[in-house]
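Participant: My structure file target18.cif, mmCIF, C-alpha atoms and all ligand atoms, is below:
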data_final
#
loop_
_atom_site.label_atom_id
_atom_site.label_comp_id
_atom_site.auth_asym_id
_atom_site.auth_seq_id
_atom_site.Cartn_x
_atom_site.Cartn_y
_atom_site.Cartn_z
CA MET A 1 14.16 -26.00 4.64
CA VAL A 2 17.88 -25.45 4.31
CA ILE A 3 19.45 -24.80 0.91
CA VAL A 4 23.24 -25.17 0.69
CA GLY A 5 24.74 -22.86 -1.92
CA ALA A 6 23.52 -19.35 -2.74
CA GLY A 7 24.28 -19.39 -6.45
CA LEU A 8 21.73 -19.36 -9.27
CA ALA A 9 20.30 -22.79 -8.42
CA GLY A 10 20.10 -22.15 -4.66
CA ALA A 11 18.61 -18.66 -4.85
CA THR A 12 16.12 -19.72 -7.53
CA THR A 13 15.11 -22.76 -5.47
CA ALA A 14 14.39 -20.53 -2.46
CA GLN A 15 12.21 -18.29 -4.61
CA ALA A 16 10.50 -21.22 -6.38
CA LEU A 17 9.63 -22.79 -3.02
CA ARG A 18 7.88 -19.64 -1.86
CA GLU A 19 6.11 -19.19 -5.19
CA ALA A 20 4.95 -22.82 -5.03
CA GLY A 21 3.46 -22.20 -1.56
CA TRP A 22 6.08 -23.52 0.88
CA ARG A 23 5.07 -22.06 4.24
CA GLY A 24 7.90 -23.26 6.49
CA SER A 25 11.17 -21.44 7.06
CA VAL A 26 13.70 -21.22 4.21
CA THR A 27 17.39 -20.74 5.02
CA LEU A 28 19.80 -20.14 2.15
CA LEU A 29 23.45 -20.73 3.02
CA GLY A 30 26.21 -19.26 0.85
CA ALA A 31 29.95 -19.73 1.33
CA GLU A 32 30.71 -16.55 -0.62
CA ARG A 33 30.25 -13.17 1.04
CA HIS A 34 28.53 -11.63 -1.99
CA ARG A 35 24.76 -11.53 -2.42
CA PRO A 36 23.71 -14.18 -4.98
CA TYR A 37 24.98 -13.22 -8.44
CA ASP A 38 25.20 -14.48 -11.99
CA ARG A 39 28.45 -16.04 -13.24
CA PRO A 40 28.26 -15.69 -17.06
CA PRO A 41 29.12 -11.94 -17.01
CA LEU A 42 32.30 -12.68 -15.00
CA SER A 43 34.19 -13.86 -18.10
CA LYS A 44 32.46 -11.45 -20.48
CA GLU A 45 31.22 -7.93 -19.57
CA LEU A 46 33.04 -7.77 -16.23
CA LEU A 47 36.47 -8.50 -17.74
CA LEU A 48 35.78 -6.33 -20.76
CA GLY A 49 35.04 -3.40 -18.44
CA GLN A 50 31.43 -3.24 -19.68
CA PRO A 51 28.43 -2.64 -17.39
CA ALA A 52 27.16 -5.93 -15.97
CA GLU A 53 24.04 -6.78 -13.97
CA LEU A 54 25.50 -9.31 -11.59
CA GLU A 55 23.09 -9.53 -8.68
CA LEU A 56 20.20 -11.97 -9.08
CA ALA A 57 16.76 -10.36 -9.06
CA VAL A 58 15.41 -12.30 -6.09
CA ASP A 59 13.75 -10.32 -3.27
CA PHE A 60 14.87 -12.38 -0.27
CA ALA A 61 13.16 -10.14 2.31
CA GLU A 62 9.83 -10.16 0.49
CA HIS A 63 9.92 -13.95 0.23
CA ASP A 64 11.00 -14.30 3.88
CA ILE A 65 14.17 -16.15 2.93
CA ASP A 66 16.86 -16.19 5.59
CA LEU A 67 20.07 -15.47 3.65
CA LEU A 68 23.24 -16.52 5.52
CA LEU A 69 26.26 -15.31 3.55
CA GLY A 70 29.90 -16.15 4.23
CA ARG A 71 28.68 -19.38 5.81
CA THR A 72 29.94 -22.79 4.65
CA ALA A 73 28.31 -26.16 5.29
CA THR A 74 31.04 -28.53 6.42
CA GLN A 75 29.23 -31.79 7.24
CA LEU A 76 25.87 -33.41 6.69
CA ASN A 77 24.32 -36.01 8.97
CA VAL A 78 21.55 -37.63 6.95
CA GLU A 79 20.14 -39.75 9.80
CA ALA A 80 19.90 -36.85 12.23
CA ARG A 81 18.86 -34.32 9.52
CA HIS A 82 21.61 -32.09 10.82
CA LEU A 83 24.10 -29.80 9.09
CA GLU A 84 27.39 -28.58 10.55
CA THR A 85 28.53 -25.20 9.30
CA ASP A 86 31.50 -22.96 10.06
CA GLY A 87 29.07 -20.66 11.86
CA GLY A 88 27.29 -23.28 14.00
CA PRO A 89 24.90 -26.21 13.51
CA LEU A 90 21.58 -26.19 11.65
CA ASP A 91 18.76 -28.75 11.80
CA TYR A 92 16.52 -29.27 8.81
CA GLU A 93 13.43 -31.09 7.64
CA ALA A 94 14.71 -31.15 4.05
CA VAL A 95 17.99 -29.97 2.60
CA VAL A 96 18.57 -28.93 -1.03
CA LEU A 97 22.18 -29.26 -2.18
CA ALA A 98 22.89 -26.44 -4.62
CA CYS A 99 26.61 -26.19 -3.94
CA GLY A 100 27.64 -25.83 -7.59
CA ALA A 101 31.08 -26.54 -8.95
CA VAL A 102 34.69 -25.49 -8.46
CA ALA A 103 37.26 -24.83 -11.15
CA LEU A 104 39.92 -27.50 -11.60
CA ASP A 105 43.43 -26.43 -10.60
CA LEU A 106 46.51 -27.24 -12.62
CA PRO A 107 48.50 -29.73 -10.46
CA GLY A 108 51.56 -28.17 -8.85
CA THR A 109 50.34 -24.58 -9.03
CA ALA A 110 48.67 -24.27 -5.62
CA GLY A 111 49.83 -21.12 -3.85
CA LEU A 112 51.57 -19.55 -6.87
CA PRO A 113 50.45 -15.90 -6.68
CA HIS A 114 50.37 -15.25 -10.44
CA VAL A 115 48.29 -18.35 -11.27
CA GLN A 116 44.49 -18.39 -10.91
CA THR A 117 41.22 -19.91 -12.09
CA LEU A 118 37.95 -18.07 -12.85
CA ARG A 119 34.86 -19.26 -11.04
CA THR A 120 33.83 -16.57 -8.57
CA ARG A 121 33.27 -12.84 -8.48
CA ASP A 122 36.43 -12.54 -6.35
CA ASP A 123 38.38 -14.44 -9.05
CA ALA A 124 37.10 -11.99 -11.69
CA GLU A 125 37.95 -8.97 -9.51
CA ARG A 126 41.46 -10.39 -9.15
CA LEU A 127 41.84 -10.99 -12.89
CA ARG A 128 40.51 -7.61 -14.03
CA PRO A 129 43.54 -5.53 -12.93
CA VAL A 130 45.85 -8.19 -14.37
CA LEU A 131 44.24 -7.60 -17.77
CA ALA A 132 44.21 -3.83 -17.28
CA ALA A 133 47.98 -3.93 -16.66
CA GLY A 134 48.30 -5.27 -20.23
CA GLY A 135 51.17 -7.70 -19.60
CA SER A 136 51.61 -11.22 -20.93
CA LEU A 137 48.93 -13.76 -20.09
CA VAL A 138 49.16 -17.51 -20.62
CA ILE A 139 45.78 -19.22 -20.63
CA VAL A 140 45.82 -22.97 -20.03
CA GLY A 141 42.91 -24.59 -21.89
CA ALA A 142 41.14 -23.52 -25.10
CA GLY A 143 37.68 -24.34 -23.76
CA TRP A 144 34.74 -21.98 -23.18
CA ILE A 145 36.35 -20.03 -20.33
CA GLY A 146 39.76 -19.92 -22.05
CA ALA A 147 38.23 -18.46 -25.22
CA GLU A 148 36.21 -15.85 -23.34
CA VAL A 149 39.17 -14.72 -21.22
CA ALA A 150 41.39 -14.62 -24.33
CA THR A 151 38.81 -12.33 -25.95
CA ALA A 152 38.78 -9.96 -22.98
CA ALA A 153 42.56 -10.06 -22.51
CA ARG A 154 43.20 -9.18 -26.15
CA ALA A 155 40.67 -6.35 -25.93
CA ALA A 156 42.63 -5.09 -22.92
CA GLY A 157 45.85 -5.19 -24.94
CA CYS A 158 47.55 -8.16 -23.25
CA ALA A 159 49.92 -10.47 -25.11
CA VAL A 160 47.93 -13.72 -24.97
CA THR A 161 49.11 -17.29 -25.48
CA VAL A 162 46.56 -20.07 -25.12
CA VAL A 163 47.98 -23.53 -24.46
CA GLU A 164 45.74 -26.47 -25.31
CA ALA A 165 46.74 -30.11 -24.74
CA GLY A 166 44.23 -31.32 -27.36
CA PRO A 167 44.58 -30.93 -31.12
CA HIS A 168 42.16 -27.96 -31.40
CA PRO A 169 39.91 -25.70 -29.28
CA LEU A 170 37.06 -27.41 -27.41
CA ALA A 171 38.67 -30.75 -28.20
CA GLY A 172 36.69 -32.69 -25.59
CA THR A 173 33.38 -31.16 -26.63
CA LEU A 174 33.14 -30.70 -30.39
CA PRO A 175 34.43 -32.67 -33.41
CA ALA A 176 37.40 -31.38 -35.41
CA GLU A 177 35.26 -30.40 -38.46
CA VAL A 178 33.55 -27.79 -36.30
CA ALA A 179 36.13 -26.86 -33.68
CA ALA A 180 39.43 -26.93 -35.63
CA PRO A 181 38.40 -23.88 -37.70
CA MET A 182 37.86 -22.00 -34.43
CA ALA A 183 41.66 -21.85 -34.11
CA ALA A 184 41.51 -19.08 -36.70
CA TRP A 185 39.40 -16.98 -34.30
CA TYR A 186 42.34 -16.86 -31.87
CA ALA A 187 44.74 -15.76 -34.61
CA GLU A 188 42.25 -13.16 -35.88
CA ALA A 189 42.12 -11.65 -32.37
CA GLY A 190 45.92 -11.63 -32.14
CA ALA A 191 46.14 -14.43 -29.57
CA GLU A 192 48.65 -17.23 -30.09
CA LEU A 193 47.12 -20.71 -29.80
CA ARG A 194 49.50 -23.63 -29.15
CA THR A 195 47.80 -27.01 -29.40
CA GLY A 196 48.97 -30.55 -28.73
CA SER A 197 51.56 -29.84 -26.07
CA PRO A 198 50.40 -29.97 -22.46
CA VAL A 199 51.84 -27.81 -19.70
CA THR A 200 54.44 -29.71 -17.70
CA ALA A 201 55.44 -27.08 -15.15
CA VAL A 202 54.62 -23.54 -14.07
CA HIS A 203 57.28 -21.41 -12.43
CA GLU A 204 57.45 -17.76 -11.40
CA ARG A 205 56.76 -15.94 -14.71
CA GLU A 206 57.33 -19.05 -16.87
CA VAL A 207 55.23 -21.89 -18.25
CA GLU A 208 56.92 -25.04 -19.57
CA LEU A 209 55.32 -27.24 -22.21
CA ALA A 210 55.89 -30.94 -22.95
CA ASP A 211 57.62 -30.09 -26.25
CA GLY A 212 60.27 -28.10 -24.35
CA THR A 213 58.85 -24.64 -25.13
CA VAL A 214 59.17 -22.12 -22.28
CA LEU A 215 56.63 -19.29 -22.38
CA GLY A 216 57.05 -16.05 -20.45
CA ALA A 217 53.97 -15.16 -18.39
CA ASP A 218 53.20 -12.23 -16.11
CA ALA A 219 50.05 -14.15 -15.18
CA VAL A 220 48.51 -17.56 -15.84
CA LEU A 221 44.79 -18.29 -16.10
CA VAL A 222 43.85 -21.94 -15.78
CA GLY A 223 40.65 -22.89 -17.61
CA ILE A 224 40.66 -26.68 -17.72
CA GLY A 225 37.15 -27.44 -16.48
CA SER A 226 35.19 -27.76 -13.29
CA ARG A 227 33.88 -30.44 -10.96
CA PRO A 228 30.98 -30.55 -8.49
CA ASP A 229 31.84 -28.88 -5.17
CA THR A 230 30.89 -31.94 -3.14
CA ALA A 231 34.09 -33.08 -1.38
CA TRP A 232 32.52 -32.02 1.92
CA LEU A 233 29.76 -34.64 1.42
CA ALA A 234 32.15 -37.64 1.31
CA GLY A 235 31.05 -40.23 3.86
CA SER A 236 27.79 -38.42 4.61
CA GLY A 237 25.57 -41.11 3.07
CA VAL A 238 24.56 -38.80 0.21
CA PRO A 239 25.15 -40.84 -2.98
CA LEU A 240 27.96 -39.37 -5.13
CA GLY A 241 28.99 -40.42 -8.64
CA THR A 242 32.57 -41.02 -9.79
CA ASP A 243 32.41 -37.54 -11.35
CA GLY A 244 31.70 -36.12 -7.89
CA SER A 245 28.10 -35.25 -8.69
CA VAL A 246 25.26 -35.77 -6.22
CA LEU A 247 23.21 -38.60 -7.75
CA ALA A 248 19.68 -37.23 -7.99
CA ASP A 249 16.67 -38.97 -9.49
CA ALA A 250 14.39 -37.48 -12.16
CA ARG A 251 12.52 -35.52 -9.43
CA LEU A 252 15.89 -34.20 -8.15
CA ALA A 253 15.55 -36.17 -4.91
CA THR A 254 18.42 -38.38 -3.72
CA GLU A 255 18.27 -41.80 -2.09
CA ALA A 256 19.25 -40.15 1.21
CA PRO A 257 16.03 -39.25 3.05
CA GLY A 258 15.25 -35.52 3.02
CA VAL A 259 18.15 -34.68 0.64
CA TYR A 260 17.59 -33.06 -2.78
CA ALA A 261 20.08 -31.67 -5.32
CA VAL A 262 20.02 -29.16 -8.17
CA GLY A 263 22.29 -27.21 -10.52
CA ASP A 264 25.99 -27.78 -11.28
CA CYS A 265 26.49 -30.17 -8.32
CA ALA A 266 23.79 -32.64 -9.37
CA SER A 267 23.50 -35.29 -12.09
CA TYR A 268 20.12 -36.71 -13.09
CA PRO A 269 18.87 -39.58 -15.25
CA SER A 270 17.69 -38.23 -18.60
CA ALA A 271 14.98 -40.34 -20.21
CA ARG A 272 15.35 -38.09 -23.25
CA TYR A 273 18.98 -39.18 -23.77
CA GLY A 274 18.92 -42.56 -22.04
CA ARG A 275 21.80 -41.69 -19.70
CA ARG A 276 22.72 -39.77 -16.58
CA LEU A 277 23.65 -36.15 -17.32
CA LEU A 278 25.85 -33.70 -15.43
CA THR A 279 25.70 -30.31 -17.12
CA HIS A 280 27.41 -27.14 -15.98
CA HIS A 281 25.05 -24.76 -17.77
CA TRP A 282 23.24 -21.67 -16.51
CA ASP A 283 19.91 -22.83 -18.00
CA ASN A 284 20.03 -26.14 -16.12
CA ALA A 285 20.55 -24.26 -12.83
CA LEU A 286 17.64 -21.98 -13.68
CA VAL A 287 15.01 -24.58 -14.57
CA GLY A 288 15.95 -27.33 -12.06
CA PRO A 289 14.64 -25.36 -9.07
CA ARG A 290 11.03 -25.56 -10.35
CA THR A 291 11.27 -29.36 -10.22
CA VAL A 292 12.84 -29.40 -6.74
CA ALA A 293 10.17 -27.05 -5.40
CA ALA A 294 7.36 -29.15 -6.90
CA THR A 295 8.91 -32.37 -5.57
CA LEU A 296 9.21 -30.88 -2.07
CA LEU A 297 5.56 -29.85 -2.17
CA GLY A 298 4.55 -33.38 -3.19
CA GLU A 299 3.61 -32.47 -6.74
CA PRO A 300 4.64 -34.59 -9.74
CA ALA A 301 7.61 -33.09 -11.61
CA THR A 302 10.47 -34.33 -13.76
CA HIS A 303 13.76 -32.62 -14.61
CA ASP A 304 14.75 -33.56 -18.17
CA PRO A 305 15.29 -30.33 -20.10
CA VAL A 306 16.91 -30.08 -23.52
CA PRO A 307 20.41 -28.87 -22.50
CA TYR A 308 21.19 -25.30 -23.61
CA PHE A 309 24.17 -23.00 -23.20
CA TRP A 310 25.81 -20.06 -24.87
CA SER A 311 29.22 -18.42 -25.08
CA ALA A 312 30.39 -15.02 -26.32
CA GLN A 313 33.90 -15.18 -27.76
CA PHE A 314 35.98 -13.33 -30.34
CA GLY A 315 33.02 -11.11 -31.27
CA ARG A 316 30.81 -14.12 -31.93
CA TYR A 317 27.76 -15.47 -30.13
CA LEU A 318 27.67 -19.25 -29.86
CA GLN A 319 24.59 -21.17 -28.77
CA TYR A 320 24.27 -24.92 -28.36
CA VAL A 321 21.10 -26.85 -27.74
CA GLY A 322 20.55 -30.59 -27.34
CA HIS A 323 23.04 -33.37 -26.80
CA HIS A 324 25.05 -35.17 -29.46
CA GLY A 325 27.14 -38.32 -29.24
CA PRO A 326 29.98 -39.65 -31.41
CA GLU A 327 27.45 -41.84 -33.27
CA ASP A 328 25.45 -38.80 -34.46
CA ARG A 329 25.98 -37.49 -37.98
CA LEU A 330 27.27 -33.94 -38.33
CA VAL A 331 25.48 -31.81 -40.93
CA PRO A 332 26.97 -28.32 -41.38
CA ARG A 333 24.74 -25.41 -42.48
CA GLY A 334 27.33 -23.15 -43.99
CA ASP A 335 31.07 -23.76 -43.77
CA PRO A 336 32.77 -23.48 -40.36
CA ALA A 337 36.10 -23.06 -42.18
CA GLY A 338 34.71 -20.67 -44.80
CA ALA A 339 34.75 -16.91 -45.15
CA GLU A 340 31.19 -16.46 -43.74
CA ARG A 341 31.33 -15.60 -40.02
CA ALA A 342 27.91 -17.09 -39.29
CA TRP A 343 27.23 -20.81 -39.60
CA THR A 344 25.42 -23.61 -37.85
CA ALA A 345 26.25 -27.24 -37.18
CA CYS A 346 23.50 -29.82 -36.72
CA TRP A 347 23.67 -33.38 -35.48
CA LEU A 348 21.33 -36.14 -36.64
CA ARG A 349 20.58 -39.61 -35.35
CA GLY A 350 18.88 -41.27 -38.27
CA GLU A 351 16.67 -38.39 -39.39
CA THR A 352 16.11 -37.01 -35.88
CA LEU A 353 17.73 -33.71 -34.98
CA THR A 354 19.68 -34.22 -31.72
CA ALA A 355 21.71 -31.00 -31.36
CA VAL A 356 22.39 -27.61 -32.92
CA LEU A 357 25.40 -25.31 -32.54
CA ALA A 358 24.66 -21.87 -33.95
CA VAL A 359 27.39 -19.27 -34.45
CA ASP A 360 25.76 -15.86 -34.87
CA ARG A 361 22.60 -17.54 -36.22
CA PRO A 362 20.12 -17.13 -33.33
CA ARG A 363 17.15 -17.96 -35.57
CA ASP A 364 18.63 -21.42 -36.30
CA LEU A 365 18.97 -21.91 -32.59
CA LEU A 366 15.35 -20.96 -31.88
CA GLN A 367 13.97 -23.11 -34.65
CA GLY A 368 16.36 -25.98 -33.86
CA ARG A 369 15.50 -25.89 -30.16
CA ARG A 370 11.84 -26.63 -30.89
CA LEU A 371 12.75 -29.49 -33.24
CA VAL A 372 15.25 -31.02 -30.80
CA ASP A 373 12.70 -30.74 -28.01
CA ARG A 374 10.07 -32.56 -30.10
CA GLY A 375 12.56 -35.17 -31.35
CA ALA A 376 11.45 -34.13 -34.85
CA ALA A 377 12.62 -35.81 -38.05
CA VAL A 378 14.24 -33.46 -40.57
CA ASP A 379 15.26 -33.66 -44.21
CA PRO A 380 19.10 -33.73 -44.18
CA ALA A 381 19.35 -32.07 -47.61
CA LEU A 382 17.20 -29.11 -46.53
CA LEU A 383 18.97 -28.97 -43.17
CA ALA A 384 22.29 -28.42 -44.94
CA ASP A 385 20.95 -25.38 -46.82
CA PRO A 386 21.51 -22.27 -44.65
CA ASP A 387 18.95 -20.33 -46.69
CA VAL A 388 16.10 -22.71 -45.79
CA PRO A 389 14.59 -22.33 -42.28
CA LEU A 390 15.04 -25.30 -39.95
CA LYS A 391 11.81 -27.29 -40.02
CA SER A 392 10.56 -30.83 -39.60
CA ALA A 393 10.37 -33.16 -42.60
P1 LIG B 401 27.24 -22.07 -8.56
O1 LIG B 401 26.98 -20.90 -9.42
O2 LIG B 401 28.61 -22.67 -8.55
O3 LIG B 401 26.83 -21.69 -7.09
C1 LIG B 401 27.07 -22.55 -5.99
C2 LIG B 401 27.32 -21.73 -4.75
O4 LIG B 401 27.37 -22.61 -3.65
C3 LIG B 401 28.66 -20.99 -4.77
O5 LIG B 401 28.47 -19.64 -4.48
C4 LIG B 401 29.47 -21.70 -3.69
O6 LIG B 401 30.34 -20.83 -3.00
C5 LIG B 401 28.38 -22.20 -2.77
N1 LIG B 401 28.80 -23.36 -1.96
C6 LIG B 401 29.51 -24.44 -2.38
N2 LIG B 401 29.71 -25.29 -1.35
C7 LIG B 401 29.10 -24.73 -0.29
C8 LIG B 401 28.98 -25.14 1.06
N3 LIG B 401 29.49 -26.31 1.49
N4 LIG B 401 28.33 -24.31 1.92
C9 LIG B 401 27.79 -23.15 1.48
N5 LIG B 401 27.88 -22.72 0.21
C10 LIG B 401 28.54 -23.51 -0.66
N6 LIG B 401 26.83 -21.10 -18.46
C11 LIG B 401 26.21 -20.85 -19.66
O7 LIG B 401 25.26 -21.57 -20.01
N7 LIG B 401 26.64 -19.83 -20.46
C12 LIG B 401 27.68 -19.03 -20.12
O8 LIG B 401 28.05 -18.12 -20.87
C13 LIG B 401 28.36 -19.27 -18.89
N8 LIG B 401 29.41 -18.51 -18.52
C14 LIG B 401 30.06 -18.79 -17.37
C15 LIG B 401 31.17 -18.03 -17.02
C16 LIG B 401 31.89 -18.31 -15.86
C17 LIG B 401 33.10 -17.50 -15.51
C18 LIG B 401 31.48 -19.40 -15.03
C19 LIG B 401 32.26 -19.72 -13.79
C20 LIG B 401 30.36 -20.15 -15.36
C21 LIG B 401 29.65 -19.85 -16.53
N9 LIG B 401 28.52 -20.60 -16.89
C22 LIG B 401 27.89 -20.34 -18.08
C23 LIG B 401 28.02 -21.70 -16.03
C24 LIG B 401 26.93 -21.21 -15.07
O9 LIG B 401 27.31 -19.99 -14.49
C25 LIG B 401 26.71 -22.28 -14.00
O10 LIG B 401 26.17 -23.40 -14.65
C26 LIG B 401 25.79 -21.81 -12.87
O11 LIG B 401 26.42 -20.78 -12.16
C27 LIG B 401 25.48 -22.96 -11.93
O12 LIG B 401 24.76 -22.47 -10.84
P2 LIG B 401 24.76 -23.25 -9.45
O13 LIG B 401 23.93 -22.41 -8.53
O14 LIG B 401 24.41 -24.67 -9.64
O15 LIG B 401 26.28 -23.27 -8.94
#
Take the structure in the file and write it out as structure tokens.
Facilitator:
Amino acid sequence: MVIVGAGLAGATTAQALREAGWRGSVTLLGAERHRPYDRPPLSKELLLGQPAELELAVDFAEHDIDLLLGRTATQLNVEARHLETDGGPLDYEAVVLACGAVALDLPGTAGLPHVQTLRTRDDAERLRPVLAAGGSLVIVGAGWIGAEVATAARAAGCAVTVVEAGPHPLAGTLPAEVAAPMAAWYAEAGAELRTGSPVTAVHEREVELADGTVLGADAVLVGIGSRPDTAWLAGSGVPLGTDGSVLADARLATEAPGVYAVGDCASYPSARYGRRLLTHHWDNALVGPRTVAATLLGEPATHDPVPYFWSAQFGRYLQYVGHHGPEDRLVPRGDPAGAERAWTACWLRGETLTAVLAVDRPRDLLQGRRLVDRGAAVDPALLADPDVPLKSA
């Protein structure tokens, strides 16, 4: 068994295989030189200078997992069940692709020393002294990463400007009723948010916007999204989607014989939502490995979890569970634009609860998660009352 990618999904797959009774060899290949670690603290505790447990609690020696770090898979030959790596070839019986995602670069910024993205531990180690120096930071993108880095950079005393091409934070993810009020969180933290004017050029210590504004910047952090790290699989015979994801089935197997995929690099057909999903969430990378391990051991298993993720930004804890579409009706519990810090947004299709976003309301999230999982019908009037617990109709 060869697993490509020693992130959360890869390391957890190796462990799950052993726990499920896989007796053959297990080789876990990781391009990074660090032992497998968790990414969420990179944009939170690590940048804020708080203690962070980064290393994953997997005992590789005890599970007889051969961990090859600083080793990158460069080519896959499906027919021959053969992998080329930068440290020599590897044959396999089955290969699990757990190669994750890479951060998107801003075009035209390659090689500029003061411009960076945040995906790896090395990225975070590079950004930390930039924040500690307390200069001016321009963050491109008011998404999840942009908001978390803005939080840390303000705490470090940097002058922060966040540039967002869309009309409000999280424009591609959440509707304006919910996300537009989040603009106030930036102002409250002392960060300047400029929406609606994309970056047109980045020069040494300057960022130019489409509306002609020129912003001074000691450093630039680009947080405009991520894509599956699968370019190396082009032409290998492993099916890839237009979004770059490895096309897995509900058991997380691919159509290529002996090839499986899990975590941020893989999309899967969700019967729950009637469409193929590609999610870049920690929880998805944690639970997928159980399905891959079961599939490899010939046991029935299906990967179709209720999507879940969280974010810590501007002193708030955000949790989202489920999946909503533009056709779903938004029902706020509390007022996102009001004086109360804590509120929840719910989405309904008919009377069925499809998704919940809870801001500092963890109980709503817990109760909502069960209802979303069951596809439960709810009473919209009761749902809108933040003093009434979330429950089925
Ligand atoms: P990855 O973690 O990307 O690991 C893949 C590994 O494979 C990498 O180490 C890569 O170097 C390696 N690799 C790639 N190609 C090859 C190759 N060809 N050969 C060998 N190795 C290879 N999610 C949340 O739900 N909540 C959060 O608060 C949150 N915060 C985050 C903060 C940051 C800064 C980042 C970057 C992500 C955050 N996430 C969060 C997302 C979450 O961390 C990811 O969904 C999760 O890491 C996915 O795990 P993975 O193992 O699939 O991929």
Participant: Any idea what's packed within 12 Å of Ala171 of chain A, counting all atoms listed in the file, ignoring anything in its chain fewer than 2 positions away? Could you give it as a list in words?
Facilitator: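 These residues fall inside the cut-off: Gly141, Ala142, Gly143, Trp144, Glu164, Ala165, Gly166, Pro167, His168, Pro169, Thr173, Leu174, Pro175, Ala176, Glu177, Val178, Ala179, Ala180, Pro181, Met182, Ala183, Thr195, Gly196 and Ile224 of chain A.
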Participant: Which residues are close to Val26 of chain A, i.e. within 8 Å by only C-alpha atoms, leaving aside same-chain residues fewer than 2 positions away? Reply as a short mmCIF file (atom, residue, chain, number, x, y, z; two decimals) with C-alpha atoms, in the frame of the given file.
Facilitator:
data_model
loop_
_atom_site.label_atom_id
_atom_site.label_comp_id
_atom_site.auth_asym_id
_atom_site.auth_seq_id
_atom_site.Cartn_x
_atom_site.Cartn_y
_atom_site.Cartn_z
CA MET A 1 14.16 -26.00 4.64
CA VAL A 2 17.88 -25.45 4.31
CA ILE A 3 19.45 -24.80 0.91
CA ALA A 14 14.39 -20.53 -2.46
CA GLY A 24 7.90 -23.26 6.49
CA LEU A 28 19.80 -20.14 2.15
CA ASP A 64 11.00 -14.30 3.88
CA ILE A 65 14.17 -16.15 2.93
CA ASP A 66 16.86 -16.19 5.59
#
Participant: Which residue gives the smallest distance to ligand LIG 401 (chain B) among A:Arg18, A:Arg227, A:Arg81, A:Arg23, with all atoms listed in the file counted?
Facilitator: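 Counting all atoms listed in the file, the residue closest to ligand LIG 401 (chain B) is A:Arg227.
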Participant: Dump the neighbourhood of ligand LIG 401 (chain B) as JSON, numbers by chain: all residues within 6 Å, distances computed on all atoms listed in the file.
Facilitator: {"A": [4, 5, 6, 7, 8, 9, 10, 29, 30, 31, 32, 39, 40, 42, 43, 71, 72, 73, 74, 98, 99, 100, 101, 118, 119, 229, 263, 264, 280, 281, 282, 283, 285, 309, 310, 311]}
Participant: Find the residue from A:His203, A:Thr12, A:Trp22, A:Tyr92 that sits nearest to Phe60 of chain A; use only C-alpha atoms when measuring.
Facilitator: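 Going through A:His203, A:Thr12, A:Trp22, A:Tyr92 one by one, the smallest distance to Phe60 of chain A is for A:Thr12.
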Participant: By how many Å are atom CA of Leu240 of chain A and atom CA of Tyr268 of chain A apart?
Facilitator: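 If I compute the distance from atom CA of Leu240 of chain A to atom CA of Tyr268 of chain A, I get 11.5 Å.
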Participant: Would you kindly return, as number ranges by chain, each protein, DNA or RNA residue with an atom no farther than 7 Å from any atom of segment 321-325 of chain A, considering all atoms listed in the file and excluding same-chain residues fewer than 5 positions away?
Facilitator: A: 306-309, 347, 354-357, 369, 372
Participant: Could you work out how far atom CA of Asp360 of chain A lies from atom CA of Gly190 of chain A, giving the answer in Å with one decimal?
Facilitator: 20.8 Å
Participant: Hey, which of A:Ala271, A:Thr161, A:Asp38, A:Ala210 ends up closest to Glu192 of chain A? Count all atoms listed in the file.
Facilitator: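 Closest to Glu192 of chain A, using all atoms listed in the file: A:Thr161.
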Participant: For Val58 of chain A, find every residue with an atom within 9 Å (counting all atoms listed in the file), except residues of its own chain fewer than 3 positions away, and show them as a list in words.
Facilitator: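 So, after excluding close chain neighbours, the residues are Ala11, Thr12, Gln15, Pro36, Glu55, Ala61, Glu62 and His63 of chain A.
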Participant: Which residue, A:Asp86, A:Leu297, A:Gly237, A:Leu193, has the smallest gap to Ala16 of chain A when you use all atoms listed in the file?
Facilitator: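 Among the listed residues, A:Leu297 lies closest to Ala16 of chain A.
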Participant: Residues within 9 Å of Ala156 of chain A, please, as a PyMOL selection string. Count all atoms listed in the file; anything in the same chain fewer than 3 positions from it doesn't count.
Facilitator: chain A and resi 47-49+131-134+151-153
Participant: Atom CA of Glu45 of chain A and atom CA of Val359 of chain A are how many Å apart?
Facilitator: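 Separation between atom CA of Glu45 of chain A and atom CA of Val359 of chain A: 19.1 Å.
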Participant: Could you check the closest approach to Thr352 of chain A for each of A:Thr85, A:Ser392, A:Gln313, A:Gln367 and tell me which residue wins, using all atoms listed in the file?
Facilitator: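 Distance minimum relative to Thr352 of chain A lands on A:Ser392.
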Participant: Rank A:Leu278, A:Leu286, A:Ala345, A:Ile145 by their smallest atom-to-atom distance to Arg329 of chain A, using only C-alpha atoms, and report the top residue only.
Facilitator: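 With only C-alpha atoms as the atom set, the closest residue is A:Ala345.
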